[in-house]
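Trainee: Starting off with a structure, shown below.
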Amino acid sequence: MKLTIIGTGYVGLVSGVCFADLGNHVTCVDKEEGKIEKLQQGEIPIYEPGLQELLRINADAGRLSFTTDLTNAVRNAELIIIAVGTPSMAGGEANMSYIYRAARSIGEAMNGYKIIMIKSTVPVGTNEKIKAIIAECSSYPFDVVAVPEFLREGSAVKDSFHPDRIIIGSDNPKAAAIAVELHRELTDNILVTDIRSAEMIKYASNAYLATRISFINEIANICEKVGADVTEVALGMGLDQRIGSSFLNAGIGYGGSCFPKDTKALIQIAGNVDYDFKLLKSVVDVNRDQRNNVIQKLEEFIGSLRGRTIAIWGLAFKPNTDDVREAPSQDIIEELVRRDVIVKVYDPVAMDNFRKGFDHPNIIWCSNAISATEGADALCLLTEWPEFAEMDMRVVGSKMNNAVLFDGRNVFKRELIHHLDFQYYSVGRPHLNRTKAGERDHRIYAAD
Ligand code: UDX
């Protein structure tokens, strides 16, 4: 099929590469010239494992191209995918202006029957508005199909080729059948439903996953008080097939471009029809508090933070991405800086993105994990990059002023860290305190 994709963000770019790799002819359109020039040279603007290689293979094979010329791209395509952003506005509502602008441009460029597939996450009823906008600008026949995207950053290529399910929302069986055909090779799990339900499935899925995270984080907070271990609790819960084991990792809360935005948007969607989504409001509050807890815990360990040096491992909202949008690291580092803390930070790929959004004379940008810990009064692990779990913690401890470790993602084995004489705090697991911070027994290191 001849496809045109509007928007070269995560969803647009990954979908474009995936559909090209399946043998379709794909044109990706974006209004940012610089971005398109880079893509034409085979450079991707994001860090996403495997994506750049696959993009080059498909571009070289002549199946994938990039342009700013939306009109011609629409005219040459049988099916057009809208994958532009829907950022949060003040109050949590999703900003639909990019979507509506794309719909208008499609309508104005139409030259025959087209299917318009919406992959952006949009509030219930938006696909119908898109239909109305296109119809206003064009007299050619067309169908709008809602196909929400569920890929995760960091594993976007794998998720695109092996989705758990494809949701197709349509009010025309013929258009739905074409959309099914396009996805047939990817999975047998294809649900064809009405447009409004398809729109709702995306929000409900993200809200449910965010709810699981806030739920297990509250269980973790209770575990700390009653002396239970949340990793054991999650393991035991997950063995129940009705519950399942994924999305039960306690930590410093969720971030990223989807969960924070989509939970707030769903609260707003419910509010617009006079429904108070109390449960989801609590999910958002719990997530915010979970970040704030980090500062409180640090104070419990090392007393006043003013003038102290804190090392931070990990800035990205999760591993395998350079995305720092809504990352817990942002709130935590801003609060530390506000308290006159010297913050030594390291992340394998997200440093530039973080620095673009927030820089301060108190932040020291370190070139590796070890150098961030030199002279630090405490170390906070905020993103579970595999390289952190593999660090020689004995060396790390020897570089620090106080061997205090706050493990915000429960990466380390408690017994191992205990053996290395760290003052160790994780989320929802009993503390194993050998010595008080600042009273480290150096003979243990000498014996090692
Ligand atoms: C999410 C959805 O998974 C995806 O289907 C949707 O299309 C976009 O939003 P993404 O934001 O890329 O994907 O990352 P995900 O792996 O879902 O993690 C989101 C956040 O939850 C991260 O900050 C992660 O650290 C956190 N998380 C996840 C937990 O704190 N605990 C868990 O058990 C799982």
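Ligands are numbered from 1 in the order shown, chains are lettered A, B, ... in the order of the structure tokens, and residues start at 1 in each chain.
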Tell me, counting only C-alpha atoms, for each residue of segment 103-188 of chain A within 10 Å of segment 86-94 of chain A, which pair of atoms is nearest and how far apart they are in Å to one decimal, in rows ordered by chain and increasing number, as a Markdown table.

Mentor:
| residue | atom | partner | partner_atom | distance |
| --- | --- | --- | --- | --- |
| A:Ser120 | CA | A:Thr86 | CA | 7.0 |
| A:Thr121 | CA | A:Thr86 | CA | 6.9 |
| A:Val122 | CA | A:Thr86 | CA | 7.2 |
| A:Pro123 | CA | A:Ala94 | CA | 7.6 |

Trainee: Would you write out those residues with C-alpha atoms, as a compact mmCIF listing (two decimals), in the first residue's frame?

Mentor:
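Output file result.txt follows:
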# COMPACT_ATOMS: atom_id res chain seq x y z
CA SER A 120 -2.53 9.98 18.01
CA THR A 121 -4.15 9.58 21.44
CA VAL A 122 -7.32 11.65 21.19
CA PRO A 123 -10.30 12.25 23.49

Trainee: Name the residues in contact with Leu405 of chain A at a cut-off of 12 Å, using only C-alpha atoms, excluding same-chain residues fewer than 5 positions from it; report them as a PyMOL selection string.

Mentor: chain A and resi 294+297-298+301-302+310-313+373+376-382+393+396-397+400+410-412+414+417-418+420-427+431-433+437

Trainee: Write the residues of the preceding selection, restricted to N, CA and C atoms, as a JSON list (two decimals), in the first residue's frame.

Mentor:
[["chain", "number", "residue", "atom", "x", "y", "z"],
["A", 294, "VAL", "N", 11.32, 11.06, 48.05],
["A", 294, "VAL", "CA", 12.77, 10.85, 47.90],
["A", 294, "VAL", "C", 13.52, 11.87, 48.76],
["A", 297, "LYS", "N", 13.19, 11.08, 52.43],
["A", 297, "LYS", "CA", 14.01, 9.94, 52.84],
["A", 297, "LYS", "C", 15.48, 10.33, 52.94],
["A", 298, "LEU", "N", 15.95, 11.14, 52.00],
["A", 298, "LEU", "CA", 17.34, 11.57, 52.05],
["A", 298, "LEU", "C", 17.61, 12.34, 53.35],
["A", 301, "PHE", "N", 18.10, 10.18, 56.26],
["A", 301, "PHE", "CA", 19.39, 9.50, 56.29],
["A", 301, "PHE", "C", 20.56, 10.42, 56.65],
["A", 302, "ILE", "N", 20.59, 11.58, 56.00],
["A", 302, "ILE", "CA", 21.81, 12.38, 56.18],
["A", 302, "ILE", "C", 21.54, 13.75, 56.83],
["A", 310, "ILE", "N", 24.98, 15.47, 46.40],
["A", 310, "ILE", "CA", 24.19, 14.25, 46.12],
["A", 310, "ILE", "C", 24.48, 13.80, 44.68],
["A", 311, "ALA", "N", 24.79, 12.52, 44.53],
["A", 311, "ALA", "CA", 24.99, 11.96, 43.18],
["A", 311, "ALA", "C", 23.67, 11.41, 42.66],
["A", 312, "ILE", "N", 23.42, 11.63, 41.37],
["A", 312, "ILE", "CA", 22.19, 11.09, 40.75],
["A", 312, "ILE", "C", 22.60, 10.17, 39.60],
["A", 313, "TRP", "N", 22.10, 8.94, 39.66],
["A", 313, "TRP", "CA", 22.29, 8.01, 38.54],
["A", 313, "TRP", "C", 20.95, 7.89, 37.82],
["A", 373, "THR", "N", 29.85, 9.95, 41.66],
["A", 373, "THR", "CA", 29.76, 9.59, 43.09],
["A", 373, "THR", "C", 30.92, 10.13, 43.92],
["A", 376, "ALA", "N", 30.46, 12.33, 47.15],
["A", 376, "ALA", "CA", 29.02, 12.51, 47.40],
["A", 376, "ALA", "C", 28.63, 12.05, 48.81],
["A", 377, "ASP", "N", 27.65, 12.74, 49.39],
["A", 377, "ASP", "CA", 27.13, 12.36, 50.70],
["A", 377, "ASP", "C", 26.05, 11.28, 50.57],
["A", 378, "ALA", "N", 25.50, 11.16, 49.40],
["A", 378, "ALA", "CA", 24.52, 10.10, 49.13],
["A", 378, "ALA", "C", 24.40, 9.93, 47.62],
["A", 379, "LEU", "N", 23.98, 8.72, 47.23],
["A", 379, "LEU", "CA", 23.77, 8.42, 45.81],
["A", 379, "LEU", "C", 22.30, 8.03, 45.62],
["A", 380, "CYS", "N", 21.64, 8.65, 44.63],
["A", 380, "CYS", "CA", 20.24, 8.28, 44.32],
["A", 380, "CYS", "C", 20.18, 7.64, 42.95],
["A", 381, "LEU", "N", 19.66, 6.44, 42.88],
["A", 381, "LEU", "CA", 19.46, 5.81, 41.57],
["A", 381, "LEU", "C", 18.01, 6.07, 41.16],
["A", 382, "LEU", "N", 17.83, 6.82, 40.06],
["A", 382, "LEU", "CA", 16.47, 7.21, 39.65],
["A", 382, "LEU", "C", 15.99, 6.49, 38.40],
["A", 393, "MET", "N", 30.08, -1.90, 43.31],
["A", 393, "MET", "CA", 29.62, -0.98, 44.35],
["A", 393, "MET", "C", 30.67, -0.78, 45.45],
["A", 396, "VAL", "N", 32.41, 2.14, 44.17],
["A", 396, "VAL", "CA", 31.52, 3.31, 44.32],
["A", 396, "VAL", "C", 31.55, 3.80, 45.76],
["A", 397, "GLY", "N", 31.39, 2.86, 46.69],
["A", 397, "GLY", "CA", 31.37, 3.23, 48.12],
["A", 397, "GLY", "C", 32.66, 3.90, 48.54],
["A", 400, "MET", "N", 32.80, 7.63, 47.74],
["A", 400, "MET", "CA", 31.82, 8.54, 48.33],
["A", 400, "MET", "C", 32.25, 9.04, 49.70],
["A", 410, "ASN", "N", 14.62, -0.15, 43.16],
["A", 410, "ASN", "CA", 14.83, -1.48, 43.74],
["A", 410, "ASN", "C", 15.71, -2.38, 42.85],
["A", 411, "VAL", "N", 16.82, -1.83, 42.41],
["A", 411, "VAL", "CA", 17.70, -2.53, 41.48],
["A", 411, "VAL", "C", 18.63, -3.51, 42.21],
["A", 412, "PHE", "N", 19.10, -3.10, 43.40],
["A", 412, "PHE", "CA", 20.15, -3.89, 44.04],
["A", 412, "PHE", "C", 19.60, -4.95, 44.99],
["A", 414, "ARG", "N", 19.50, -6.42, 48.39],
["A", 414, "ARG", "CA", 19.75, -5.76, 49.68],
["A", 414, "ARG", "C", 20.93, -6.37, 50.42],
["A", 417, "ILE", "N", 24.40, -5.24, 49.06],
["A", 417, "ILE", "CA", 24.72, -3.86, 49.42],
["A", 417, "ILE", "C", 25.04, -3.78, 50.92],
["A", 418, "HIS", "N", 24.30, -4.52, 51.70],
["A", 418, "HIS", "CA", 24.50, -4.56, 53.15],
["A", 418, "HIS", "C", 25.92, -5.05, 53.44],
["A", 420, "LEU", "N", 28.44, -4.76, 51.65],
["A", 420, "LEU", "CA", 29.43, -3.75, 51.26],
["A", 420, "LEU", "C", 29.38, -2.52, 52.15],
["A", 421, "ASP", "N", 28.61, -2.63, 53.23],
["A", 421, "ASP", "CA", 28.58, -1.56, 54.22],
["A", 421, "ASP", "C", 27.93, -0.28, 53.74],
["A", 422, "PHE", "N", 26.98, -0.40, 52.82],
["A", 422, "PHE", "CA", 26.23, 0.79, 52.43],
["A", 422, "PHE", "C", 25.08, 1.00, 53.40],
["A", 423, "GLN", "N", 24.77, 2.24, 53.66],
["A", 423, "GLN", "CA", 23.50, 2.57, 54.27],
["A", 423, "GLN", "C", 22.52, 2.56, 53.10],
["A", 424, "TYR", "N", 21.60, 1.61, 53.09],
["A", 424, "TYR", "CA", 20.82, 1.35, 51.88],
["A", 424, "TYR", "C", 19.34, 1.56, 52.12],
["A", 425, "TYR", "N", 18.75, 2.40, 51.27],
["A", 425, "TYR", "CA", 17.30, 2.57, 51.31],
["A", 425, "TYR", "C", 16.73, 2.27, 49.94],
["A", 426, "SER", "N", 15.73, 1.40, 49.87],
["A", 426, "SER", "CA", 15.04, 1.17, 48.60],
["A", 426, "SER", "C", 13.55, 1.45, 48.84],
["A", 427, "VAL", "N", 12.71, 1.07, 47.91],
["A", 427, "VAL", "CA", 11.30, 1.45, 48.04],
["A", 427, "VAL", "C", 10.47, 0.23, 48.47],
["A", 431, "HIS", "N", 14.82, -2.01, 55.72],
["A", 431, "HIS", "CA", 16.20, -1.48, 55.69],
["A", 431, "HIS", "C", 17.12, -2.47, 56.38],
["A", 432, "LEU", "N", 18.33, -2.56, 55.87],
["A", 432, "LEU", "CA", 19.36, -3.35, 56.55],
["A", 432, "LEU", "C", 20.46, -2.35, 56.93],
["A", 433, "ASN", "N", 20.41, -1.83, 58.13],
["A", 433, "ASN", "CA", 21.36, -0.78, 58.52],
["A", 433, "ASN", "C", 22.52, -1.38, 59.32],
["A", 437, "ALA", "N", 24.93, 6.60, 58.85],
["A", 437, "ALA", "CA", 25.66, 7.37, 57.83],
["A", 437, "ALA", "C", 26.71, 8.22, 58.49]]

Trainee: Compile the contact shell of segment 143-149 of chain A as JSON, numbers by chain: residues with an atom at most 9 Å away, counting only C-alpha atoms, same-chain residues fewer than 5 positions apart removed.

Mentor: {"A": [11, 113, 114, 115, 116, 117, 118, 119, 120, 121, 122, 127, 128, 130, 131, 160, 166, 167, 168, 169, 170, 171, 172, 175, 176, 179, 194, 195, 196, 198, 199, 201, 202]}

Trainee: Ranking A:Ala327, A:Met351, A:Ile222, A:Val286 by minimum distance to ligand 1 and counting only C-alpha atoms and all ligand atoms, which one comes first?

Mentor: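 Closest residue, counting only C-alpha atoms and all ligand atoms: A:Ala327.
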
Trainee: Collect all residues with atoms no farther than 6 Å from ligand 1, counting only C-alpha atoms and all ligand atoms, and output them as an mmCIF file with C-alpha atoms, in the first residue's frame.

Mentor:
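The resulting file, out19.cif, is reproduced below:
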data_model
loop_
_atom_site.group_PDB
_atom_site.id
_atom_site.type_symbol
_atom_site.label_atom_id
_atom_site.label_comp_id
_atom_site.auth_asym_id
_atom_site.auth_seq_id
_atom_site.Cartn_x
_atom_site.Cartn_y
_atom_site.Cartn_z
ATOM 1 C CA GLU A 149 -0.890 3.027 19.303
ATOM 2 C CA PHE A 150 0.399 1.141 22.361
ATOM 3 C CA LEU A 151 4.160 1.050 21.738
ATOM 4 C CA ARG A 152 6.549 1.783 24.596
ATOM 5 C CA GLU A 153 9.599 3.982 24.288
ATOM 6 C CA ILE A 213 1.944 1.520 39.499
ATOM 7 C CA PHE A 247 3.605 -3.280 36.077
ATOM 8 C CA LEU A 248 4.010 -4.110 39.732
ATOM 9 C CA ASN A 249 7.512 -2.697 40.194
ATOM 10 C CA ALA A 250 7.429 -0.220 43.047
ATOM 11 C CA GLY A 251 9.646 2.830 42.764
ATOM 12 C CA GLY A 253 6.611 6.646 40.194
ATOM 13 C CA TYR A 254 5.781 6.800 36.525
ATOM 14 C CA GLY A 255 6.836 9.510 34.064
ATOM 15 C CA GLY A 256 7.161 9.837 30.293
ATOM 16 C CA SER A 257 5.132 11.312 27.498
ATOM 17 C CA CYS A 258 2.009 9.177 27.994
ATOM 18 C CA PHE A 259 0.936 8.185 31.506
ATOM 19 C CA PHE A 317 11.976 8.517 32.776
ATOM 20 C CA LYS A 318 12.919 4.883 32.184
#

Trainee: For atom CA of Ala220 of chain A and atom CA of Ser245 of chain A, determine how far apart the two atoms are, in Å to one decimal place.

Mentor: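 If I compute the distance from atom CA of Ala220 of chain A to atom CA of Ser245 of chain A, I get 15.4 Å.
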
Trainee: If you run DSSP on this backbone, which residues of segment 192-424 of chain A come out as alpha helix (DSSP H), and could you give them as a PyMOL selection string?

Mentor: chain A and resi 195-226+230-238+259-272+278-302+328-338+351-357+369-373+386-389+393-399+414-419

Trainee: Work out how far apart atom CA of Ser329 of chain A and atom CA of Arg291 of chain A are and give it in Å to one decimal.

Mentor: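 Value for the atom CA of Ser329 of chain A-atom CA of Arg291 of chain A distance: 8.5 Å.
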
Trainee: Can you pull out every residue from segment 301-445 of chain A that DSSP, working from the backbone, puts in strand (DSSP E or B), and format the result as an mmCIF file with N, CA and C atoms, in the first residue's frame?

Mentor:
data_model
loop_
_atom_site.group_PDB
_atom_site.id
_atom_site.type_symbol
_atom_site.label_atom_id
_atom_site.label_comp_id
_atom_site.auth_asym_id
_atom_site.auth_seq_id
_atom_site.Cartn_x
_atom_site.Cartn_y
_atom_site.Cartn_z
ATOM 1 N N THR A 309 26.456 17.191 48.976
ATOM 2 C CA THR A 309 26.634 16.779 47.580
ATOM 3 C C THR A 309 25.883 15.467 47.366
ATOM 4 N N ILE A 310 24.975 15.469 46.404
ATOM 5 C CA ILE A 310 24.187 14.249 46.117
ATOM 6 C C ILE A 310 24.482 13.801 44.678
ATOM 7 N N ALA A 311 24.789 12.520 44.528
ATOM 8 C CA ALA A 311 24.994 11.961 43.182
ATOM 9 C C ALA A 311 23.670 11.408 42.664
ATOM 10 N N ILE A 312 23.420 11.631 41.367
ATOM 11 C CA ILE A 312 22.194 11.090 40.746
ATOM 12 C C ILE A 312 22.599 10.167 39.603
ATOM 13 N N TRP A 313 22.100 8.938 39.660
ATOM 14 C CA TRP A 313 22.287 8.008 38.541
ATOM 15 C C TRP A 313 20.948 7.890 37.816
ATOM 16 N N ILE A 342 24.589 20.440 46.031
ATOM 17 C CA ILE A 342 25.387 20.260 44.814
ATOM 18 C C ILE A 342 24.968 18.906 44.249
ATOM 19 N N VAL A 343 24.501 18.898 43.002
ATOM 20 C CA VAL A 343 23.971 17.660 42.428
ATOM 21 C C VAL A 343 24.891 17.190 41.305
ATOM 22 N N LYS A 344 25.454 16.003 41.481
ATOM 23 C CA LYS A 344 26.355 15.446 40.451
ATOM 24 C C LYS A 344 25.562 14.400 39.672
ATOM 25 N N VAL A 345 25.306 14.674 38.389
ATOM 26 C CA VAL A 345 24.388 13.802 37.651
ATOM 27 C C VAL A 345 25.081 13.036 36.523
ATOM 28 N N TYR A 346 24.542 11.851 36.294
ATOM 29 C CA TYR A 346 25.011 11.043 35.145
ATOM 30 C C TYR A 346 23.848 10.217 34.595
ATOM 31 N N ILE A 363 24.456 22.153 39.416
ATOM 32 C CA ILE A 363 24.449 20.819 38.781
ATOM 33 C C ILE A 363 25.801 20.570 38.125
ATOM 34 N N ILE A 364 26.412 19.452 38.471
ATOM 35 C CA ILE A 364 27.680 19.064 37.838
ATOM 36 C C ILE A 364 27.369 17.895 36.904
ATOM 37 N N TRP A 365 27.635 18.091 35.619
ATOM 38 C CA TRP A 365 27.325 17.076 34.602
ATOM 39 C C TRP A 365 28.512 16.130 34.494
ATOM 40 N N ALA A 378 25.500 11.157 49.396
ATOM 41 C CA ALA A 378 24.516 10.102 49.128
ATOM 42 C C ALA A 378 24.400 9.929 47.620
ATOM 43 N N LEU A 379 23.978 8.723 47.230
ATOM 44 C CA LEU A 379 23.766 8.420 45.807
ATOM 45 C C LEU A 379 22.299 8.031 45.623
ATOM 46 N N CYS A 380 21.635 8.648 44.627
ATOM 47 C CA CYS A 380 20.243 8.281 44.323
ATOM 48 C C CYS A 380 20.183 7.642 42.951
ATOM 49 N N LEU A 381 19.660 6.443 42.878
ATOM 50 C CA LEU A 381 19.455 5.810 41.574
ATOM 51 C C LEU A 381 18.005 6.067 41.158
ATOM 52 N N VAL A 404 25.957 6.113 51.299
ATOM 53 C CA VAL A 404 24.498 6.090 51.458
ATOM 54 C C VAL A 404 23.892 5.935 50.070
ATOM 55 N N LEU A 405 23.029 4.930 49.906
ATOM 56 C CA LEU A 405 22.437 4.685 48.589
ATOM 57 C C LEU A 405 20.913 4.675 48.698
ATOM 58 N N PHE A 406 20.286 5.567 47.937
ATOM 59 C CA PHE A 406 18.833 5.513 47.814
ATOM 60 C C PHE A 406 18.538 4.904 46.452
ATOM 61 N N ASP A 407 17.975 3.701 46.465
ATOM 62 C CA ASP A 407 17.722 2.960 45.230
ATOM 63 C C ASP A 407 16.239 3.139 44.871
ATOM 64 N N GLN A 423 24.772 2.236 53.656
ATOM 65 C CA GLN A 423 23.502 2.571 54.266
ATOM 66 C C GLN A 423 22.518 2.558 53.102
ATOM 67 N N TYR A 424 21.597 1.606 53.093
ATOM 68 C CA TYR A 424 20.823 1.353 51.880
ATOM 69 C C TYR A 424 19.341 1.556 52.118
ATOM 70 N N TYR A 425 18.745 2.403 51.267
ATOM 71 C CA TYR A 425 17.300 2.573 51.314
ATOM 72 C C TYR A 425 16.733 2.271 49.941
ATOM 73 N N SER A 426 15.734 1.404 49.873
ATOM 74 C CA SER A 426 15.043 1.170 48.601
ATOM 75 C C SER A 426 13.551 1.445 48.838
#

Trainee: Using only C-alpha atoms, find the one residue out of A:Thr8, A:Ser282, A:Asn362, A:Ser65 that sits nearest to Ile267 of chain A.

Mentor: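 Under the stated criterion, the closest residue is A:Ser282.
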
Trainee: Counting only C-alpha atoms, figure out which residue out of A:Val180, A:Leu79, A:Val284, A:Leu191 gets nearest to Asn217 of chain A.

Mentor: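 Nearest candidate to Asn217 of chain A out of A:Val180, A:Leu79, A:Val284, A:Leu191: A:Val284.
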
Trainee: Which one of A:Gly357, A:Gly303, A:Pro328, A:Gly428 sits closest to Asp229 of chain A if you count only C-alpha atoms?

Mentor: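 For Asp229 of chain A, the nearest of the given residues is A:Gly428.
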